[in-house]
Amino acid sequence: MDTVTIGAIIFAIVFFLIFTSLPVAVSLGLGGIIDALIFGVPFRIIQRAPGQLLTSFITVAIPLFILMGQIMFHSRTGALLYDGTSALLRKVPGALLHTNIATCAIFAAVSGSSVATAATIGIVAIPELERRNYDRKIVFGSLAAGGTLGILIPPSINMIVYGAFVGESIGHLFIAGIFPGIMLAGLFMVYIGVRTIINPRLAPPVADKMSLKETTLAVVGMWPIFIIMIIVLGGIYLGVMTPTETAGVGAVVALVIAAGYRRVNRSMLLNTLRDTVKTTTFILFIMIGALILSTILAKLRVTDTVITLVTGLEVPRLVILLGVYLIYLFLGCFMDGISMMVLTLPFVFPVIVQMGYNPIWFGVTVVIMNEAALLTPPVGINVYTIHGLRPDRPLSEVLAGSIPFLLMMFVGLAIVTTFPIIATWLPATMRTVGG
């Protein structure tokens, strides 16, 4: 049997399992085991993959960054950040809608999770903006879209998963996400500004005034977030710590800050640890399943065949890249970002590298497509997160409000594709200590 047919059978089995409503992690792992039985791949080969993953120093960063984000989420430290950014942006056209984006972008630098970012800021923002008669669609959309920045602006769990799979530096990937993340936040804010200038009723001006002292105190109150940002981003960029070491230090500092604000109690700690364990096991099980499958693909030389076929096509490499984007856009309608990433990387990444694209830059574009998956129905996790904060409102309001921001993501993807230096320049200037 030729390798093309073997590859088709392998993916047919995996997708069949996925569409029978089995969890993605189970579908990937079980599909790999079934394929090993069908095609006679020795089990000792696939037994090594989980051990290599779980004993990797890089993998340790995943639960630590998740823990850091969960501490900030359950201690409600995000409220301090929202107050500070509100004080600075309240007079800009769009007013507190810009606060949603700016607060999400800053909180993303201490959470690493899109859901935690959207939920943390949404809990504070939605009641305040509804009280001021802001249009609900654009409020919900700005929060769902702003939350997606949590997986692009470092630290990013998706970046760690990508780096662990393809063998690229997590530190370089983290730093590569800074400028694209700022750019996307800027595009979201430009859309808000233009839209609210055209229709001021969407975001009524903030009438109440703040004194200089009140503004200063609100801005200064953001210091806990910036302390963690400096530790995480500064430690990685200056080469003082590896991403894993930074994650550990950041989690400890986050806990100390929460304790300083007297927000640490038994309930908070139990919820933090429970959600950390749930999220970590979800991600690691998906990675283990994907590693089993990718090991089978490599052993049967399916990956090599795909590389040969795709790179042999007499079409511009940009056409192939756009085809990859379309695949991710399609899969994003049915899978979460991490699942679709680990499912496709075994055969997509080698093709991208073979065509001469920068692997760090490609990691940024993949994460942007992961962000899009957070907003695309029927599996747009951020859409459901925001709707969960206001379940009495129709889901269609969140979806309708998110679509313009999804289009802004595609504009950002086009810009990063046209000008890769946006993602590659900063990592080229950094010092590293590994990872």
# chains A, B, ... in the order shown; residues from 1 in each chain; ligands from 1

$ residues_around --residues "Gly167 (chain A)" --least-positions-apart "2" --cutoff "12 Å" --atoms "only C-alpha atoms" --output "mmCIF file with N, CA and C atoms, in the first residue's frame"
data_model
loop_
_atom_site.group_PDB
_atom_site.id
_atom_site.type_symbol
_atom_site.label_atom_id
_atom_site.label_comp_id
_atom_site.auth_asym_id
_atom_site.auth_seq_id
_atom_site.Cartn_x
_atom_site.Cartn_y
_atom_site.Cartn_z
ATOM 1 N N LEU A 53 7.793 13.487 26.516
ATOM 2 C CA LEU A 53 7.052 14.732 26.710
ATOM 3 C C LEU A 53 6.970 15.097 28.187
ATOM 4 N N SER A 56 10.151 16.404 29.896
ATOM 5 C CA SER A 56 10.811 17.551 29.267
ATOM 6 C C SER A 56 10.786 18.762 30.191
ATOM 7 N N ILE A 58 10.887 21.793 29.249
ATOM 8 C CA ILE A 58 10.007 22.791 28.637
ATOM 9 C C ILE A 58 8.557 22.556 29.050
ATOM 10 N N THR A 59 8.140 21.286 29.091
ATOM 11 C CA THR A 59 6.755 20.960 29.418
ATOM 12 C C THR A 59 6.369 21.429 30.815
ATOM 13 N N MET A 159 2.057 28.871 22.490
ATOM 14 C CA MET A 159 3.441 28.985 22.026
ATOM 15 C C MET A 159 4.305 27.867 22.616
ATOM 16 N N ILE A 160 4.064 27.528 23.883
ATOM 17 C CA ILE A 160 4.833 26.448 24.506
ATOM 18 C C ILE A 160 4.546 25.128 23.801
ATOM 19 N N VAL A 161 3.278 24.866 23.534
ATOM 20 C CA VAL A 161 2.903 23.627 22.841
ATOM 21 C C VAL A 161 3.553 23.586 21.459
ATOM 22 N N TYR A 162 3.494 24.692 20.723
ATOM 23 C CA TYR A 162 4.106 24.755 19.397
ATOM 24 C C TYR A 162 5.611 24.494 19.496
ATOM 25 N N GLY A 163 6.281 25.200 20.409
ATOM 26 C CA GLY A 163 7.724 25.040 20.548
ATOM 27 C C GLY A 163 8.120 23.639 20.947
ATOM 28 N N ALA A 164 7.331 23.030 21.845
ATOM 29 C CA ALA A 164 7.637 21.672 22.281
ATOM 30 C C ALA A 164 7.510 20.678 21.133
ATOM 31 N N PHE A 165 6.566 20.917 20.243
ATOM 32 C CA PHE A 165 6.343 19.991 19.130
ATOM 33 C C PHE A 165 7.389 20.128 18.029
ATOM 34 N N SER A 169 12.835 27.430 20.192
ATOM 35 C CA SER A 169 13.009 28.084 21.479
ATOM 36 C C SER A 169 11.703 28.718 21.957
ATOM 37 N N ILE A 170 11.262 28.350 23.150
ATOM 38 C CA ILE A 170 10.056 28.940 23.721
ATOM 39 C C ILE A 170 10.283 30.430 23.981
ATOM 40 N N GLY A 171 11.477 30.772 24.439
ATOM 41 C CA GLY A 171 11.781 32.175 24.687
ATOM 42 C C GLY A 171 11.671 33.017 23.435
ATOM 43 N N HIS A 172 12.208 32.540 22.319
ATOM 44 C CA HIS A 172 12.114 33.273 21.053
ATOM 45 C C HIS A 172 10.656 33.397 20.600
ATOM 46 N N LEU A 173 9.899 32.328 20.777
ATOM 47 C CA LEU A 173 8.492 32.362 20.383
ATOM 48 C C LEU A 173 7.716 33.371 21.228
ATOM 49 N N LEU A 345 0.523 19.949 12.843
ATOM 50 C CA LEU A 345 1.953 20.280 12.806
ATOM 51 C C LEU A 345 2.847 19.161 12.280
ATOM 52 N N PRO A 346 2.572 17.889 12.578
ATOM 53 C CA PRO A 346 3.474 16.840 12.094
ATOM 54 C C PRO A 346 3.713 16.863 10.597
ATOM 55 N N PHE A 349 4.300 21.578 9.472
ATOM 56 C CA PHE A 349 5.544 22.269 9.826
ATOM 57 C C PHE A 349 6.723 21.890 8.925
ATOM 58 N N PRO A 350 6.969 20.591 8.656
ATOM 59 C CA PRO A 350 8.090 20.258 7.763
ATOM 60 C C PRO A 350 7.952 20.887 6.374
ATOM 61 N N PRO A 359 10.594 29.411 11.069
ATOM 62 C CA PRO A 359 9.725 28.649 11.977
ATOM 63 C C PRO A 359 9.181 29.479 13.140
ATOM 64 N N ILE A 360 9.945 30.489 13.593
ATOM 65 C CA ILE A 360 9.445 31.358 14.658
ATOM 66 C C ILE A 360 8.286 32.204 14.131
ATOM 67 N N GLY A 363 5.216 30.153 13.773
ATOM 68 C CA GLY A 363 4.567 29.935 15.060
ATOM 69 C C GLY A 363 3.618 31.069 15.407
ATOM 70 N N GLY A 434 18.552 29.244 27.078
ATOM 71 C CA GLY A 434 17.976 27.941 26.810
ATOM 72 C C GLY A 434 16.476 27.981 26.862
ATOM 73 N N GLY A 435 15.837 26.947 26.266
ATOM 74 C CA GLY A 435 14.385 26.855 26.269
ATOM 75 C C GLY A 435 13.735 27.854 25.390
#

$ residues_around --residues "Leu187 (chain A)" --least-positions-apart "6" --cutoff "10 Å" --atoms "only C-alpha atoms" --output "PDB file with N, CA and C atoms, in the first residue's frame"
ATOM      1  N   GLY A 181       1.124  40.995  18.795  1.00  0.00           N
ATOM      2  CA  GLY A 181       0.049  41.150  19.767  1.00  0.00           C
ATOM      3  C   GLY A 181      -0.348  42.604  19.944  1.00  0.00           C
ATOM      4  N   GLY A 193     -12.569  52.787  17.445  1.00  0.00           N
ATOM      5  CA  GLY A 193     -12.562  54.235  17.285  1.00  0.00           C
ATOM      6  C   GLY A 193     -13.362  54.691  16.082  1.00  0.00           C
ATOM      7  N   PHE A 405     -14.221  41.898  14.712  1.00  0.00           N
ATOM      8  CA  PHE A 405     -12.893  41.713  15.299  1.00  0.00           C
ATOM      9  C   PHE A 405     -12.189  40.509  14.661  1.00  0.00           C
ATOM     10  N   MET A 408     -10.624  41.789  11.661  1.00  0.00           N
ATOM     11  CA  MET A 408      -9.400  42.518  12.009  1.00  0.00           C
ATOM     12  C   MET A 408      -8.232  41.555  12.224  1.00  0.00           C
ATOM     13  N   MET A 409      -8.532  40.359  12.757  1.00  0.00           N
ATOM     14  CA  MET A 409      -7.477  39.347  12.912  1.00  0.00           C
ATOM     15  C   MET A 409      -6.909  38.941  11.562  1.00  0.00           C
ATOM     16  N   VAL A 411      -6.851  40.776   8.905  1.00  0.00           N
ATOM     17  CA  VAL A 411      -6.022  41.904   8.455  1.00  0.00           C
ATOM     18  C   VAL A 411      -4.645  41.819   9.115  1.00  0.00           C
ATOM     19  N   GLY A 412      -4.625  41.541  10.416  1.00  0.00           N
ATOM     20  CA  GLY A 412      -3.354  41.397  11.121  1.00  0.00           C
ATOM     21  C   GLY A 412      -2.527  40.251  10.589  1.00  0.00           C
TER      22      GLY A 412
END

$ residues_around --residues "Phe285 (chain A)" --least-positions-apart "5" --cutoff "12 Å" --atoms "only C-alpha atoms" --output "MDAnalysis selection string"
chainID A and resid 23:30 49:50 53:54 161 277:280 290:292 338:339 342

$ closest_atom_pairs --of "region 127-235 of chain A" --to "region 416-431 of chain A" --cutoff "7 Å" --atoms "only C-alpha atoms" --output "JSON lines"
{"residue": "A:His172", "atom": "CA", "partner": "A:Pro427", "partner_atom": "CA", "distance": 5.1}
{"residue": "A:Ile175", "atom": "CA", "partner": "A:Pro427", "partner_atom": "CA", "distance": 5.7}
{"residue": "A:Ala176", "atom": "CA", "partner": "A:Ala423", "partner_atom": "CA", "distance": 4.7}
{"residue": "A:Gly177", "atom": "CA", "partner": "A:Ala423", "partner_atom": "CA", "distance": 6.5}
{"residue": "A:Phe179", "atom": "CA", "partner": "A:Ile422", "partner_atom": "CA", "distance": 6.2}
{"residue": "A:Pro180", "atom": "CA", "partner": "A:Ala423", "partner_atom": "CA", "distance": 6.3}

$ closest_residue --among "A:His74, A:Gly332, A:Ala218, A:Leu212" --to "Leu273 (chain A)" --atoms "only C-alpha atoms"
A:His74

$ closest_residue --among "A:Leu297, A:Pro154, A:Pro316, A:Ala145" --to "Ile6 (chain A)" --atoms "only C-alpha atoms"
A:Leu297

$ atom_distance --atom1 "CA of Ile13 (chain A)" --atom2 "CA of Leu37 (chain A)"
12.5 Å

$ residues_around --residues "Ile126 (chain A)" --least-positions-apart "3" --cutoff "8 Å" --atoms "only C-alpha atoms" --output "PDB file with N, CA and C atoms, in the first residue's frame"
ATOM      1  N   GLY A 122     -14.002  40.429  31.594  1.00  0.00           N
ATOM      2  CA  GLY A 122     -15.443  40.467  31.337  1.00  0.00           C
ATOM      3  C   GLY A 122     -16.264  40.607  32.597  1.00  0.00           C
ATOM      4  N   ILE A 123     -15.838  39.926  33.668  1.00  0.00           N
ATOM      5  CA  ILE A 123     -16.566  40.006  34.941  1.00  0.00           C
ATOM      6  C   ILE A 123     -16.639  41.441  35.441  1.00  0.00           C
ATOM      7  N   LEU A 129     -20.170  48.595  31.738  1.00  0.00           N
ATOM      8  CA  LEU A 129     -20.544  49.128  30.429  1.00  0.00           C
ATOM      9  C   LEU A 129     -22.050  49.064  30.200  1.00  0.00           C
ATOM     10  N   GLU A 130     -22.697  48.043  30.730  1.00  0.00           N
ATOM     11  CA  GLU A 130     -24.156  47.988  30.626  1.00  0.00           C
ATOM     12  C   GLU A 130     -24.792  49.124  31.430  1.00  0.00           C
ATOM     13  N   VAL A 139     -19.685  45.483  23.018  1.00  0.00           N
ATOM     14  CA  VAL A 139     -19.077  45.187  24.316  1.00  0.00           C
ATOM     15  C   VAL A 139     -18.652  43.718  24.367  1.00  0.00           C
ATOM     16  N   PHE A 140     -19.584  42.826  24.041  1.00  0.00           N
ATOM     17  CA  PHE A 140     -19.279  41.394  24.065  1.00  0.00           C
ATOM     18  C   PHE A 140     -18.176  41.048  23.060  1.00  0.00           C
TER      19      PHE A 140
END

$ closest_residue --among "A:Leu322, A:Ile415, A:Ile71, A:Ala400" --to "Val110 (chain A)" --atoms "only C-alpha atoms"
A:Ile71

$ atom_distance --atom1 "CA of Met68 (chain A)" --atom2 "CA of Thr117 (chain A)"
12.2 Å

$ closest_residue --among "A:Val206, A:Gly84, A:Val353, A:Ser75" --to "Arg266 (chain A)" --atoms "only C-alpha atoms"
A:Ser75

$ residues_around --residues "Val302 (chain A)" --least-positions-apart "5" --cutoff "12 Å" --atoms "only C-alpha atoms" --output "list in words"
Met1, Asp2, Thr3, Val4, Thr5, Ile6, Gly7, Ala8, Ile9, Ile10, Phe11, Leu293, Ser294, Thr295, Ile296, Leu297, Ile307, Thr308, Leu309, Pro346, Phe347, Val348 and Pro350 of chain A

$ atom_distance --atom1 "CA of Val315 (chain A)" --atom2 "CA of Ala298 (chain A)"
25.7 Å

$ closest_residue --among "A:Met287, A:Leu321, A:Ile403, A:Met369" --to "Gly356 (chain A)" --atoms "only C-alpha atoms"
A:Leu321

$ select_by_dssp --residues "region 127-299 of chain A" --states "helix (DSSP H, G or I)" --output "ChimeraX atom specification"
/A:127-131,136-151,157-166,170-176,178-198,200-202,212-220,223-237,243-260,266-299
